[in-house]
$ cat work09.tsv   # TSV, C-alpha atoms
chain	number	residue	atom	x	y	z
A	23	MET	CA	-5.92	-97.67	-31.75
A	24	LEU	CA	-4.42	-101.11	-31.37
A	25	ASN	CA	-3.12	-102.00	-27.88
A	26	VAL	CA	-0.33	-104.55	-27.90
A	27	LEU	CA	1.72	-106.16	-25.15
A	28	LEU	CA	5.10	-107.65	-26.06
A	29	VAL	CA	6.63	-110.14	-23.67
A	30	CYS	CA	10.04	-111.73	-23.40
A	31	GLY	CA	11.70	-113.21	-20.33
A	32	SER	CA	12.62	-109.99	-18.53
A	33	GLY	CA	11.24	-107.26	-20.77
A	34	ALA	CA	14.66	-106.09	-22.04
A	35	SER	CA	14.78	-107.38	-25.62
A	36	SER	CA	11.05	-106.82	-26.03
A	37	GLY	CA	11.62	-103.17	-25.10
A	38	PHE	CA	13.87	-102.73	-28.14
A	39	MET	CA	11.44	-104.70	-30.31
A	40	ALA	CA	8.53	-102.52	-29.15
A	41	ALA	CA	10.47	-99.34	-29.95
A	42	ASN	CA	11.20	-100.64	-33.46
A	43	ILE	CA	7.57	-101.61	-34.06
A	44	ARG	CA	6.53	-98.11	-32.90
A	45	LYS	CA	8.91	-96.59	-35.46
A	46	ALA	CA	7.57	-98.85	-38.21
A	47	ALA	CA	3.97	-97.96	-37.27
A	48	ALA	CA	4.77	-94.23	-37.18
A	49	ALA	CA	6.27	-94.47	-40.67
A	50	LYS	CA	2.94	-95.91	-41.85
A	51	LYS	CA	0.98	-93.27	-39.88
A	52	MET	CA	-0.63	-95.97	-37.72
A	53	GLU	CA	-1.75	-95.61	-34.14
A	54	ILE	CA	-0.42	-98.51	-32.09
A	55	ASN	CA	0.13	-98.52	-28.35
A	56	ILE	CA	2.84	-101.06	-27.52
A	57	LYS	CA	4.11	-101.96	-24.08
A	58	ALA	CA	6.98	-104.33	-23.40
A	59	ARG	CA	7.02	-106.31	-20.17
A	60	GLY	CA	8.33	-109.53	-18.69
A	61	GLU	CA	6.18	-112.64	-18.95
A	62	SER	CA	5.28	-112.44	-15.25
A	63	GLU	CA	3.26	-109.26	-15.90
A	64	ILE	CA	0.88	-110.62	-18.56
A	65	GLU	CA	-2.03	-110.92	-16.13
A	66	ASN	CA	-1.72	-107.23	-15.17
A	67	TYR	CA	-2.39	-106.10	-18.75
A	68	ILE	CA	-4.63	-108.79	-20.24
A	69	ASP	CA	-7.80	-106.67	-19.89
A	70	GLU	CA	-6.25	-103.67	-21.69
A	71	ILE	CA	-4.83	-105.27	-24.82
A	72	ASP	CA	-5.95	-106.43	-28.27
A	73	ALA	CA	-2.85	-108.51	-28.98
A	74	LEU	CA	-0.12	-110.25	-27.04
A	75	MET	CA	3.15	-110.82	-28.89
A	76	VAL	CA	5.33	-113.46	-27.28
A	77	GLY	CA	9.08	-113.84	-27.79
A	78	PRO	CA	9.95	-117.00	-29.78
A	79	HIS	CA	12.04	-118.34	-26.89
A	80	LEU	CA	8.86	-118.43	-24.77
A	81	ALA	CA	6.97	-120.85	-27.03
A	82	TYR	CA	6.85	-123.24	-24.07
A	83	ILE	CA	4.52	-120.92	-22.09
A	84	MET	CA	1.90	-120.62	-24.85
A	85	ASP	CA	-0.42	-123.04	-23.01
A	86	GLU	CA	-0.19	-120.97	-19.82
A	87	ILE	CA	-0.94	-117.82	-21.79
A	88	GLU	CA	-4.13	-119.41	-23.12
A	89	GLU	CA	-5.21	-119.72	-19.47
A	90	TYR	CA	-4.55	-116.01	-18.82
A	91	THR	CA	-6.52	-114.96	-21.87
A	92	GLY	CA	-9.36	-117.39	-21.08
A	93	GLY	CA	-12.29	-116.17	-23.15
A	94	LYS	CA	-10.98	-112.63	-23.69
A	95	ALA	CA	-10.69	-111.28	-27.22
A	96	VAL	CA	-6.90	-111.12	-27.15
A	97	LYS	CA	-4.95	-112.34	-30.17
A	98	VAL	CA	-1.90	-114.28	-28.99
A	99	ILE	CA	0.96	-114.18	-31.49
A	100	LEU	CA	4.20	-116.11	-31.19
A	101	MET	CA	6.85	-113.88	-32.74
A	102	LYS	CA	9.09	-115.38	-35.40
A	103	PRO	CA	12.82	-115.82	-34.70
A	104	GLU	CA	13.76	-114.33	-38.07
A	105	TYR	CA	12.59	-110.85	-37.11
A	106	TYR	CA	12.86	-111.12	-33.33
A	107	SER	CA	16.58	-111.96	-33.41
A	108	THR	CA	17.28	-108.88	-35.56
A	109	LEU	CA	14.66	-106.70	-33.80
A	110	ASN	CA	13.11	-105.94	-37.21
A	111	GLY	CA	10.14	-103.71	-36.39
A	112	ASP	CA	8.81	-103.65	-39.96
A	113	MET	CA	8.56	-107.44	-40.21
A	114	ALA	CA	7.09	-107.68	-36.70
A	115	LEU	CA	4.46	-105.06	-37.58
A	116	GLU	CA	3.56	-106.93	-40.78
A	117	HIS	CA	3.17	-110.15	-38.80
A	118	LEU	CA	1.00	-108.41	-36.19
A	119	LEU	CA	-1.25	-106.82	-38.81
A	120	SER	CA	-1.61	-110.07	-40.77
A	121	GLU	CA	-2.68	-111.87	-37.57
A	122	MET	CA	-5.14	-109.13	-36.62
A	123	GLY	CA	-6.68	-109.33	-40.09

$ encode --input "work09.tsv" --output "structure tokens"
Amino acid sequence: MLNVLLVCGSGASSGFMAANIRKAAAAKKMEINIKARGESEIENYIDEIDALMVGPHLAYIMDEIEEYTGGKAVKVILMKPEYYSTLNGDMALEHLLSEMG
């Protein structure tokens, strides 16, 4: 089971994105646990996740995120505007899986 945290500014748009990734994963019969939260909650979840997907509009906090993850085996992925803006769960899932290798 892959544990993923999605973050955007407040958690609203990432909530829709997470739901769409869940649907895409279910269609492929994959087990993925995805939570969507605001960026201020990253530290609360960092020990429980395998991947952190960050909204493209938060690219400026990527350096801070590296500090949160300090040494933990968490893959930090900056989501791409082309699927984030349309909330395309299939494309987001493909990106996640390609990064997780």

$ residues_near_point --input "work09.tsv" --point "(15.2, -103.8, -33.7)" --cutoff "6 Å" --atoms "all atoms listed in the file" --output "list in words"
Phe38, Met39, Asn42, Thr108, Leu109, Asn110 and Gly111 of chain A

$ residues_around --input "work09.tsv" --residues "A:Leu115" --least-positions-apart "6" --cutoff "12 Å" --atoms "only C-alpha atoms" --output "NGL selection string"
:A and (24 or 26 or 28 or 39-50 or 52-54 or 56 or 73 or 75 or 99 or 101-102 or 105-106 or 109 or 121-122)

$ closest_atom_pairs --input "work09.tsv" --of "stretch 52-74 of chain A" --to "stretch 81-85 of chain A" --cutoff "12 Å" --atoms "all atoms listed in the file" --output "Markdown table"
| residue | atom | partner | partner_atom | distance |
| --- | --- | --- | --- | --- |
| A:Glu61 | CA | A:Ile83 | CA | 9.0 |
| A:Ser62 | CA | A:Ile83 | CA | 10.9 |
| A:Ile64 | CA | A:Ile83 | CA | 11.5 |
| A:Leu74 | CA | A:Met84 | CA | 10.8 |
